[in-house]
Amino acid sequence: MAKAKLRMGYLFSFAVKNLMRYKKRTLITASAIAYGLLMFLLIDGMLTGADKESERNLIWYETGSARIYNKEYWENRENVPVKYTIDNPDEIMKALDDRNIKAAPRITFGAEMIIYEDPYPESGNKFVRAVGVDLDKDSQVFQLQDKLDEGRFPKAGEFEVVIGSWLAKDLGAELGYPITVSTRSKNGFIQTFDVEIVGILTTPNPIVNKSTLMMPIDIVDEMLLMEGSVTEINMAFSEIGDIDKQLAPIQKLIADVSPSNEVLSWKILGADYLAIASAKREGTSSIIGLVFLIALIGISNTMLMSLFERRREIGTMRALGMTDFEVMISFLFEAGGIGLLGGILGVILGIGANFYMVNYGIDFTSLIGDMDIGYRIATVFKSIWVIPSYFLSVLMGFGLSVLIAILPTRKALKVSITECLRAE
Amino acid sequence: MIQVKDVERTYVAGDTKVHALKGVSLSVKEGEFLSIAGPSGSGKTTLLNIIGCIDDADKGDVIIDQVDVRSKKPDELAVFRREKLGFVFQTFNLIPVMSAYENVEMVLKLLKISDAEARERTMAILKEVGLEGMEDRRPSRLSGGQQQRVAIARALVKNPTLVLADEPTANLDSVTGKAVLDIMKAMNKKYGTAFIFSTHDKMVMDFAERLVMLHDGKIESDKRR
Ligand SMILES: Nc1ncnc2c1ncn2[C@@H]1O[C@H](COP(=O)(O)OP(=O)(O)O)[C@@H](O)[C@H]1O
Ligand SMILES: [Mg+2]
């Protein structure tokens with residue numbers, strides 16, 4: 001074994017000599033690999049950053065960490081049903097408060113929003129999801145406090161509304177404009193009332209900017225004849241951790257205090273978004289795979305060229321008594337060396353590129369404006385450091401290069417020694 | 001030491017068959033300095049390749065040092081060549097990334113000989129072939145004659161039983177070629193290593209102590225001189 005090791009060391013130094021001798025080719029091929037890995041690290045960092053940021057924006061502005069619903073609600077959520085309610089919100093709120101869990105009740109309802117020409121540019125109607133909030137409690141759960149572009153939050157007892165900035169832009173709405181809201185009360189009567197825009201909201205979550213229509217909960221309670229019931233209670237956990245673990249005691253509590261209700265985590269609440277995100281991620285991965293494939297074709301080509309140019313050398317080494325396995329190993333060391341170099345180069349470039357992306361990011365608003373591109377990110381895309389990916393890159397550069405070199409080397413070794421020696 | 005008996009070798013290229021060796025028998029004793037001569041296409045390279053265990057005959061026996069090499073597997077033959085045979089090629093075939101020293105030392109490294117001993121033996125043999133002071137040069141910085149001396153040193157450094165040289169002087173001018181043959185002969189005398197070299201050159205044949213003439217895949221004559 002020690003003797004075998006000695007020879008491995010020798011084959012290794014031989015490979016290094018060859019890599020040094022064919023410097024230009026080594027560098028070009030390693031650069032191709034480095035470029036592939038740079039793309040991987042860049043996109044991986046951005047996607048992971050976007051995912052994490054999206055998750056955070058989902059939790060902070062949209063779903064909270066978890067939500068309590070009537071058990072009938074979730075299945076019928078498409079209809080925004082106000083009839084499936086939590087009937088004892090105060091009791092639940094108190095129980096949560098006893099356990100130091102921040103919580104806020106909301107009434108979410110579907111409504112037709114009607115606007116008229118003057119003051120708006122044109123008349124129109126739109127079906128929306130509106131929400132009645134308890135502003136004091138809501139600001140404990142959602143991060144909306146300092147997100148107003150202009151105006152203020154609605155006051156309790158007033159017919160006032162805050163709307164998302166993208167929605168406002170869409171409608172041509174400004175502060176002081178009226179909105180007519182037409183909806184059905186809990187027991188099915190049609191109710192119509194006017195509210196005045198007192199604030200315009202911009203958050204890092206485009207969905208919120210696009211859809212928010214937020215009024216005082218007492219007004220909504222009164223108009224929809226809710227009689228103190230709410231459609232949901234949102235909760236926020238200060239730490240983002242293993243949500244299922246955090247949820248377990250609360251689920252037990254709700255089962256005790258109000259068995260007609262259930263607790264759903266943000267992962268369930270945001271399931272539609274998360275599914276899209278992971279599909280998107282897969283799509284992007286296949287693009288990275290393609291880029292990397294091209295790099296690998298590069299190394300395969302380099303090996304083929306190298307093996308072809310050096311076939312007489314290969315014949316000589318075999319005639320002098322190197323076994324095919326030893327010749328193979330020396331070429332695999334070469335391929336591995338190129339791959340390792342490419343991997344290290346790729347990581348250096350990746351760190352450089354991601355350093356910018358992590359600290360500054362790209363502001364897409366100048367590029368695409370107020371467009372929803374599926375992420376819960378409204379402004380700046382930032383990357384995050386995904387440390388394992390950097391190790392993986394070096395490993396991939398090395399490992400895949402070695403793997404890809406096996407086939408051409410084997411093929412070269414199928415040629416007889418005499419034929420190798422006859423080569424020009 | 002070497003018994004070649006009724007060896008035949010046929011090349012098949014498409015529809016045509018070339019009978020390169022048509023029943024060749026030859027015995028070689030230890031320490032012989034033998035030339036296989038004949039016109040181009042007479043089968044010299046084929047015969048040397050078969051004795052050198054880098055090609056296989058279609059028929060016949062090849063026994064080297066009591067080993068029936070035709071029955072061995074490729075890896076066993078590689079080890080056999082590594083231990084027993086030296087090669088000198090018409091086109092020198094040094095490894096371009098290695099210095100003269102490293103080209104010679106490589107053979108000993110493959111035999112797992114210790115660094116110290118390998119160094120001593122490599123330096124000694126390079127001195128003997130007249131390359132003292134040129135050890136660090138790459139092949140590209142050596143003349144043809146110098147490269148062939150490195151090749152001879154590479155073939156001899158492991159004290160092989162037999163050195164095979166296929167037209168070793170064909171790529172050299174006559175003065176350099178003669179010098180290379182002088183070295184081969186001197187090494188043959190000093191170490192008793194058997195040499196088999198092929199040639200189609202009358203001047204080179206004159207160096208041989210035994211001259212085997214090949215013609216059209218058959219041995220035409222076999223004379224000691
Ligand atoms: N790989 C091969 N394929 C087909 N024919 C070959 C091959 N190698 C040699 N030959 C033929 O075999 C004959 C003997 O060749 P060779 O042994 O190279 O002769 P020499 O070395 O004496 O010139 C020649 O006719 C040559 O054309
Ligand atoms: Mg020949």
# chains A, B, ... in the order shown; residues from 1 in each chain; ligands from 1
>>> closest_atom_pairs(of="chain B", to="ligand 1", cutoff="9 Å", atoms="only C-alpha atoms and all ligand atoms", output="CSV")
residue,atom,partner,partner_atom_place_in_ligand_line,distance
B:Arg9,CA,ligand 1,12 (O),8.5
B:Thr10,CA,ligand 1,12 (O),7.6
B:Tyr11,CA,ligand 1,4 (C),4.7
B:Val12,CA,ligand 1,4 (C),6.0
B:Ala13,CA,ligand 1,4 (C),5.5
B:Thr16,CA,ligand 1,4 (C),8.7
B:Lys17,CA,ligand 1,4 (C),7.6
B:Val18,CA,ligand 1,12 (O),5.7
B:His19,CA,ligand 1,12 (O),6.6
B:Ala20,CA,ligand 1,12 (O),4.2
B:Leu21,CA,ligand 1,14 (C),7.3
B:Ala37,CA,ligand 1,22 (O),7.9
B:Gly38,CA,ligand 1,22 (O),6.4
B:Pro39,CA,ligand 1,22 (O),6.1
B:Ser40,CA,ligand 1,23 (O),3.7
B:Gly41,CA,ligand 1,23 (O),3.5
B:Ser42,CA,ligand 1,22 (O),4.0
B:Gly43,CA,ligand 1,17 (O),3.3
B:Lys44,CA,ligand 1,22 (O),3.8
B:Thr45,CA,ligand 1,21 (O),3.6
B:Thr46,CA,ligand 1,17 (O),3.7
B:Leu47,CA,ligand 1,17 (O),6.5
B:Leu48,CA,ligand 1,17 (O),8.2
B:Asn49,CA,ligand 1,17 (O),8.4
B:Asp166,CA,ligand 1,21 (O),7.9
B:Glu167,CA,ligand 1,21 (O),8.4
B:Ser198,CA,ligand 1,21 (O),7.9
B:Thr199,CA,ligand 1,22 (O),8.3
B:His200,CA,ligand 1,22 (O),8.1
B:Leu214,CA,ligand 1,22 (O),7.9
B:His215,CA,ligand 1,22 (O),8.3
B:Asp216,CA,ligand 1,14 (C),7.8
B:Gly217,CA,ligand 1,14 (C),7.1
>>> select_by_dssp(residues="stretch 41-238 of chain A", states="strand (DSSP E)", output="ChimeraX atom specification")
/A:66-70,102-115,124-133,148-151,160-164,178-184,190-201,213-216,232-236
>>> residues_around(residues="A:Leu274", least_positions_apart="4", cutoff="12 Å", atoms="only C-alpha atoms", output="PyMOL selection string")
chain A and resi 50-52+54-55+58+266-270+278-281+374-376
>>> write_last_selection(atoms="N, CA and C atoms", output="compact mmCIF listing (two decimals), in the first residue's frame")
# COMPACT_ATOMS: atom_id res chain seq x y z
N ALA A 50 -33.73 35.62 -2.55
CA ALA A 50 -35.10 35.99 -2.91
C ALA A 50 -36.10 35.13 -2.14
N ASP A 51 -35.78 33.84 -2.01
CA ASP A 51 -36.68 32.95 -1.28
C ASP A 51 -36.80 33.36 0.18
N LYS A 52 -35.64 33.60 0.80
CA LYS A 52 -35.65 33.96 2.21
C LYS A 52 -36.37 35.29 2.43
N SER A 54 -38.50 36.66 0.43
CA SER A 54 -39.92 36.49 0.13
C SER A 54 -40.66 35.87 1.31
N GLU A 55 -40.03 34.87 1.89
CA GLU A 55 -40.64 34.21 3.05
C GLU A 55 -40.86 35.22 4.17
N LEU A 58 -43.53 37.58 3.26
CA LEU A 58 -44.81 36.87 3.36
C LEU A 58 -45.28 36.89 4.81
N TRP A 266 -47.75 29.62 8.55
CA TRP A 266 -47.55 30.42 7.33
C TRP A 266 -47.18 29.55 6.15
N LYS A 267 -46.62 28.38 6.44
CA LYS A 267 -46.26 27.49 5.34
C LYS A 267 -47.49 26.98 4.61
N ILE A 268 -48.55 26.79 5.39
CA ILE A 268 -49.81 26.37 4.75
C ILE A 268 -50.49 27.58 4.13
N LEU A 269 -50.48 28.67 4.87
CA LEU A 269 -51.13 29.88 4.36
C LEU A 269 -50.48 30.36 3.06
N GLY A 270 -49.17 30.17 2.98
CA GLY A 270 -48.44 30.64 1.79
C GLY A 270 -48.11 29.51 0.84
N SER A 278 -40.85 27.12 -5.59
CA SER A 278 -39.99 25.95 -5.76
C SER A 278 -39.98 25.50 -7.22
N ALA A 279 -41.10 25.70 -7.90
CA ALA A 279 -41.13 25.38 -9.33
C ALA A 279 -40.16 26.29 -10.08
N LYS A 280 -40.18 27.56 -9.70
CA LYS A 280 -39.31 28.53 -10.33
C LYS A 280 -37.86 28.14 -10.12
N ARG A 281 -37.60 27.69 -8.90
CA ARG A 281 -36.25 27.30 -8.54
C ARG A 281 -35.77 26.13 -9.40
N GLY A 374 -43.67 37.56 -9.21
CA GLY A 374 -43.94 36.29 -8.54
C GLY A 374 -43.26 36.17 -7.20
N TYR A 375 -42.22 36.96 -6.98
CA TYR A 375 -41.60 36.94 -5.67
C TYR A 375 -42.31 37.93 -4.76
N ARG A 376 -42.23 37.70 -3.46
CA ARG A 376 -42.78 38.67 -2.53
C ARG A 376 -41.73 39.73 -2.24
>>> interface_residues(of="chain B", to="chain A", cutoff="6 Å", atoms="only C-alpha atoms", output="list in words")
Asp75, Ala78, Val79, Arg81 and Arg82 of chain B
>>> write_last_selection(atoms="all heavy atoms", output="tab-separated table (two decimals), in the first residue's frame")
chain	number	residue	atom	x	y	z
B	75	ASP	N	-1.87	-6.40	-18.33
B	75	ASP	CA	-1.24	-5.78	-17.17
B	75	ASP	C	0.01	-6.53	-16.74
B	75	ASP	O	1.00	-5.93	-16.30
B	75	ASP	CB	-2.22	-5.70	-15.99
B	75	ASP	CG	-3.13	-4.50	-16.11
B	75	ASP	OD1	-2.97	-3.74	-17.10
B	75	ASP	OD2	-3.98	-4.30	-15.22
B	78	ALA	N	2.65	-5.49	-19.02
B	78	ALA	CA	3.15	-4.15	-18.67
B	78	ALA	C	4.21	-4.27	-17.59
B	78	ALA	O	5.28	-3.65	-17.67
B	78	ALA	CB	2.00	-3.26	-18.20
B	79	VAL	N	3.94	-5.07	-16.59
B	79	VAL	CA	4.90	-5.25	-15.51
B	79	VAL	C	6.16	-5.95	-16.03
B	79	VAL	O	7.28	-5.60	-15.66
B	79	VAL	CB	4.25	-6.03	-14.34
B	79	VAL	CG1	5.29	-6.36	-13.28
B	79	VAL	CG2	3.09	-5.24	-13.75
B	81	ARG	N	7.39	-5.81	-19.08
B	81	ARG	CA	8.18	-4.82	-19.83
B	81	ARG	C	8.90	-3.87	-18.89
B	81	ARG	O	10.06	-3.54	-19.07
B	81	ARG	CB	7.27	-3.99	-20.76
B	81	ARG	CG	6.69	-4.75	-21.91
B	81	ARG	CD	6.07	-3.80	-22.93
B	81	ARG	NE	4.96	-3.03	-22.41
B	81	ARG	CZ	3.70	-3.40	-22.44
B	81	ARG	NH1	3.37	-4.58	-22.97
B	81	ARG	NH2	2.74	-2.65	-21.94
B	82	ARG	N	8.16	-3.45	-17.87
B	82	ARG	CA	8.71	-2.51	-16.90
B	82	ARG	C	9.98	-3.08	-16.26
B	82	ARG	O	10.96	-2.38	-16.06
B	82	ARG	CB	7.64	-2.28	-15.84
B	82	ARG	CG	8.00	-1.36	-14.73
B	82	ARG	CD	6.93	-1.37	-13.67
B	82	ARG	NE	5.65	-0.86	-14.16
B	82	ARG	CZ	4.55	-0.77	-13.42
B	82	ARG	NH1	4.56	-1.16	-12.17
B	82	ARG	NH2	3.44	-0.31	-13.92
>>> residues_around(residues="A:Ser165", least_positions_apart="5", cutoff="12 Å", atoms="only C-alpha atoms", output="PDB file with N, CA and C atoms, in the first residue's frame")
ATOM      1  N   LYS A 147     -44.792  52.162   7.016  1.00  0.00           N
ATOM      2  CA  LYS A 147     -44.819  51.852   5.596  1.00  0.00           C
ATOM      3  C   LYS A 147     -45.757  52.764   4.791  1.00  0.00           C
ATOM      4  N   LEU A 148     -46.253  53.834   5.444  1.00  0.00           N
ATOM      5  CA  LEU A 148     -47.154  54.738   4.722  1.00  0.00           C
ATOM      6  C   LEU A 148     -46.353  55.725   3.882  1.00  0.00           C
ATOM      7  N   ASP A 149     -46.678  55.798   2.583  1.00  0.00           N
ATOM      8  CA  ASP A 149     -46.062  56.820   1.734  1.00  0.00           C
ATOM      9  C   ASP A 149     -46.605  58.198   2.109  1.00  0.00           C
ATOM     10  N   GLU A 150     -47.920  58.219   2.302  1.00  0.00           N
ATOM     11  CA  GLU A 150     -48.537  59.491   2.688  1.00  0.00           C
ATOM     12  C   GLU A 150     -49.738  59.199   3.576  1.00  0.00           C
ATOM     13  N   GLY A 151     -50.173  60.209   4.293  1.00  0.00           N
ATOM     14  CA  GLY A 151     -51.377  60.085   5.109  1.00  0.00           C
ATOM     15  C   GLY A 151     -51.127  59.409   6.435  1.00  0.00           C
ATOM     16  N   ASP A 170     -52.993  52.334  -9.792  1.00  0.00           N
ATOM     17  CA  ASP A 170     -53.863  51.695 -10.765  1.00  0.00           C
ATOM     18  C   ASP A 170     -55.183  52.455 -10.925  1.00  0.00           C
ATOM     19  N   LEU A 171     -55.715  52.886  -9.785  1.00  0.00           N
ATOM     20  CA  LEU A 171     -57.012  53.571  -9.805  1.00  0.00           C
ATOM     21  C   LEU A 171     -56.862  55.063 -10.089  1.00  0.00           C
ATOM     22  N   GLY A 172     -55.663  55.592  -9.928  1.00  0.00           N
ATOM     23  CA  GLY A 172     -55.477  57.037  -9.960  1.00  0.00           C
ATOM     24  C   GLY A 172     -56.013  57.693  -8.701  1.00  0.00           C
ATOM     25  N   ALA A 173     -55.868  56.954  -7.576  1.00  0.00           N
ATOM     26  CA  ALA A 173     -56.446  57.450  -6.326  1.00  0.00           C
ATOM     27  C   ALA A 173     -55.466  58.349  -5.580  1.00  0.00           C
ATOM     28  N   GLU A 174     -55.986  59.290  -4.838  1.00  0.00           N
ATOM     29  CA  GLU A 174     -55.162  60.130  -3.972  1.00  0.00           C
ATOM     30  C   GLU A 174     -55.839  60.268  -2.621  1.00  0.00           C
ATOM     31  N   LEU A 175     -55.120  60.821  -1.662  1.00  0.00           N
ATOM     32  CA  LEU A 175     -55.693  61.015  -0.332  1.00  0.00           C
ATOM     33  C   LEU A 175     -56.975  61.834  -0.429  1.00  0.00           C
ATOM     34  N   ILE A 197     -60.124  57.600   1.583  1.00  0.00           N
ATOM     35  CA  ILE A 197     -58.711  57.199   1.621  1.00  0.00           C
ATOM     36  C   ILE A 197     -57.939  58.172   2.509  1.00  0.00           C
ATOM     37  N   GLY A 199     -54.709  57.027   3.802  1.00  0.00           N
ATOM     38  CA  GLY A 199     -53.297  56.661   3.773  1.00  0.00           C
ATOM     39  C   GLY A 199     -52.988  55.775   2.579  1.00  0.00           C
ATOM     40  N   ILE A 200     -51.748  55.881   2.095  1.00  0.00           N
ATOM     41  CA  ILE A 200     -51.312  55.016   0.988  1.00  0.00           C
ATOM     42  C   ILE A 200     -50.055  54.274   1.443  1.00  0.00           C
ATOM     43  N   LEU A 201     -50.094  52.961   1.253  1.00  0.00           N
ATOM     44  CA  LEU A 201     -49.133  52.057   1.882  1.00  0.00           C
ATOM     45  C   LEU A 201     -48.202  51.424   0.841  1.00  0.00           C
ATOM     46  N   THR A 202     -46.909  51.441   1.123  1.00  0.00           N
ATOM     47  CA  THR A 202     -45.970  50.662   0.298  1.00  0.00           C
ATOM     48  C   THR A 202     -45.133  49.776   1.214  1.00  0.00           C
ATOM     49  N   THR A 203     -45.192  48.478   0.959  1.00  0.00           N
ATOM     50  CA  THR A 203     -44.391  47.533   1.740  1.00  0.00           C
ATOM     51  C   THR A 203     -43.433  46.836   0.779  1.00  0.00           C
ATOM     52  N   PRO A 204     -42.482  46.069   1.305  1.00  0.00           N
ATOM     53  CA  PRO A 204     -41.629  45.279   0.406  1.00  0.00           C
ATOM     54  C   PRO A 204     -42.364  44.093  -0.213  1.00  0.00           C
ATOM     55  N   ASN A 205     -43.642  43.936   0.075  1.00  0.00           N
ATOM     56  CA  ASN A 205     -44.389  42.801  -0.463  1.00  0.00           C
ATOM     57  C   ASN A 205     -45.360  43.281  -1.532  1.00  0.00           C
ATOM     58  N   PRO A 206     -45.109  42.931  -2.788  1.00  0.00           N
ATOM     59  CA  PRO A 206     -45.924  43.468  -3.886  1.00  0.00           C
ATOM     60  C   PRO A 206     -47.405  43.103  -3.777  1.00  0.00           C
ATOM     61  N   ILE A 207     -47.682  41.928  -3.259  1.00  0.00           N
ATOM     62  CA  ILE A 207     -49.088  41.517  -3.141  1.00  0.00           C
ATOM     63  C   ILE A 207     -49.842  42.481  -2.228  1.00  0.00           C
ATOM     64  N   VAL A 208     -49.179  42.865  -1.147  1.00  0.00           N
ATOM     65  CA  VAL A 208     -49.802  43.808  -0.210  1.00  0.00           C
ATOM     66  C   VAL A 208     -50.002  45.162  -0.895  1.00  0.00           C
ATOM     67  N   ASN A 209     -49.000  45.590  -1.656  1.00  0.00           N
ATOM     68  CA  ASN A 209     -49.106  46.880  -2.341  1.00  0.00           C
ATOM     69  C   ASN A 209     -50.222  46.877  -3.381  1.00  0.00           C
ATOM     70  N   LYS A 210     -50.438  45.699  -3.927  1.00  0.00           N
ATOM     71  CA  LYS A 210     -51.393  45.565  -5.013  1.00  0.00           C
ATOM     72  C   LYS A 210     -52.825  45.448  -4.509  1.00  0.00           C
ATOM     73  N   SER A 211     -52.997  44.920  -3.277  1.00  0.00           N
ATOM     74  CA  SER A 211     -54.346  44.524  -2.908  1.00  0.00           C
ATOM     75  C   SER A 211     -54.885  45.127  -1.612  1.00  0.00           C
ATOM     76  N   THR A 212     -54.038  45.847  -0.861  1.00  0.00           N
ATOM     77  CA  THR A 212     -54.518  46.251   0.468  1.00  0.00           C
ATOM     78  C   THR A 212     -55.668  47.264   0.418  1.00  0.00           C
ATOM     79  N   LEU A 213     -56.655  46.957   1.218  1.00  0.00           N
ATOM     80  CA  LEU A 213     -57.786  47.866   1.434  1.00  0.00           C
ATOM     81  C   LEU A 213     -58.141  47.658   2.898  1.00  0.00           C
ATOM     82  N   ASP A 370     -43.404  48.746 -11.210  1.00  0.00           N
ATOM     83  CA  ASP A 370     -44.259  48.093 -10.224  1.00  0.00           C
ATOM     84  C   ASP A 370     -44.834  46.815 -10.800  1.00  0.00           C
ATOM     85  N   ALA A 378     -40.601  43.627  -3.514  1.00  0.00           N
ATOM     86  CA  ALA A 378     -41.090  44.745  -4.311  1.00  0.00           C
ATOM     87  C   ALA A 378     -39.969  45.601  -4.854  1.00  0.00           C
TER      88      ALA A 378
END
>>> residues_around(residues="stretch 77-79 of chain A", least_positions_apart="3", cutoff="8 Å", atoms="only C-alpha atoms", output="list of chain:residue names")
A:Tyr73, A:Trp74, A:Gly110
>>> residues_around(residues="B:Val24", least_positions_apart="3", cutoff="8 Å", atoms="only C-alpha atoms", output="list in words")
Val4, Lys5, Asp6, Val7, Glu8, Leu21, Gly217, Lys218 and Ile219 of chain B
>>> residues_around(residues="A:Gly399", least_positions_apart="3", cutoff="9 Å", atoms="only C-alpha atoms", output="MDAnalysis selection string")
chainID A and resid 336 339:340 394:396 402:404
>>> select_by_dssp(residues="stretch 224-394 of chain A", states="helix (DSSP H, G or I)", output="JSON, numbers by chain")
{"A": [243, 244, 245, 246, 247, 248, 249, 250, 251, 252, 253, 254, 255, 256, 257, 266, 267, 268, 269, 271, 272, 273, 274, 275, 276, 277, 278, 279, 280, 281, 282, 283, 284, 285, 286, 287, 288, 289, 290, 291, 292, 293, 294, 295, 296, 297, 298, 299, 300, 301, 302, 303, 304, 305, 306, 307, 308, 309, 311, 312, 313, 314, 315, 316, 317, 318, 319, 324, 325, 326, 327, 328, 329, 330, 331, 332, 333, 334, 335, 336, 337, 338, 339, 340, 341, 342, 343, 344, 345, 346, 347, 348, 349, 350, 351, 352, 353, 354, 355, 356, 357, 358, 359, 365, 366, 367, 368, 387, 388, 389, 390, 391, 392, 393, 394]}
>>> atom_distance(atom1="atom CA of B:Phe195", atom2="atom CA of B:Lys22")
23.3 Å
>>> atom_distance(atom1="atom CA of A:Met46", atom2="atom CA of A:Leu345")
19.6 Å
>>> atom_distance(atom1="atom CA of B:Asp56", atom2="atom CA of B:Leu172")
29.3 Å
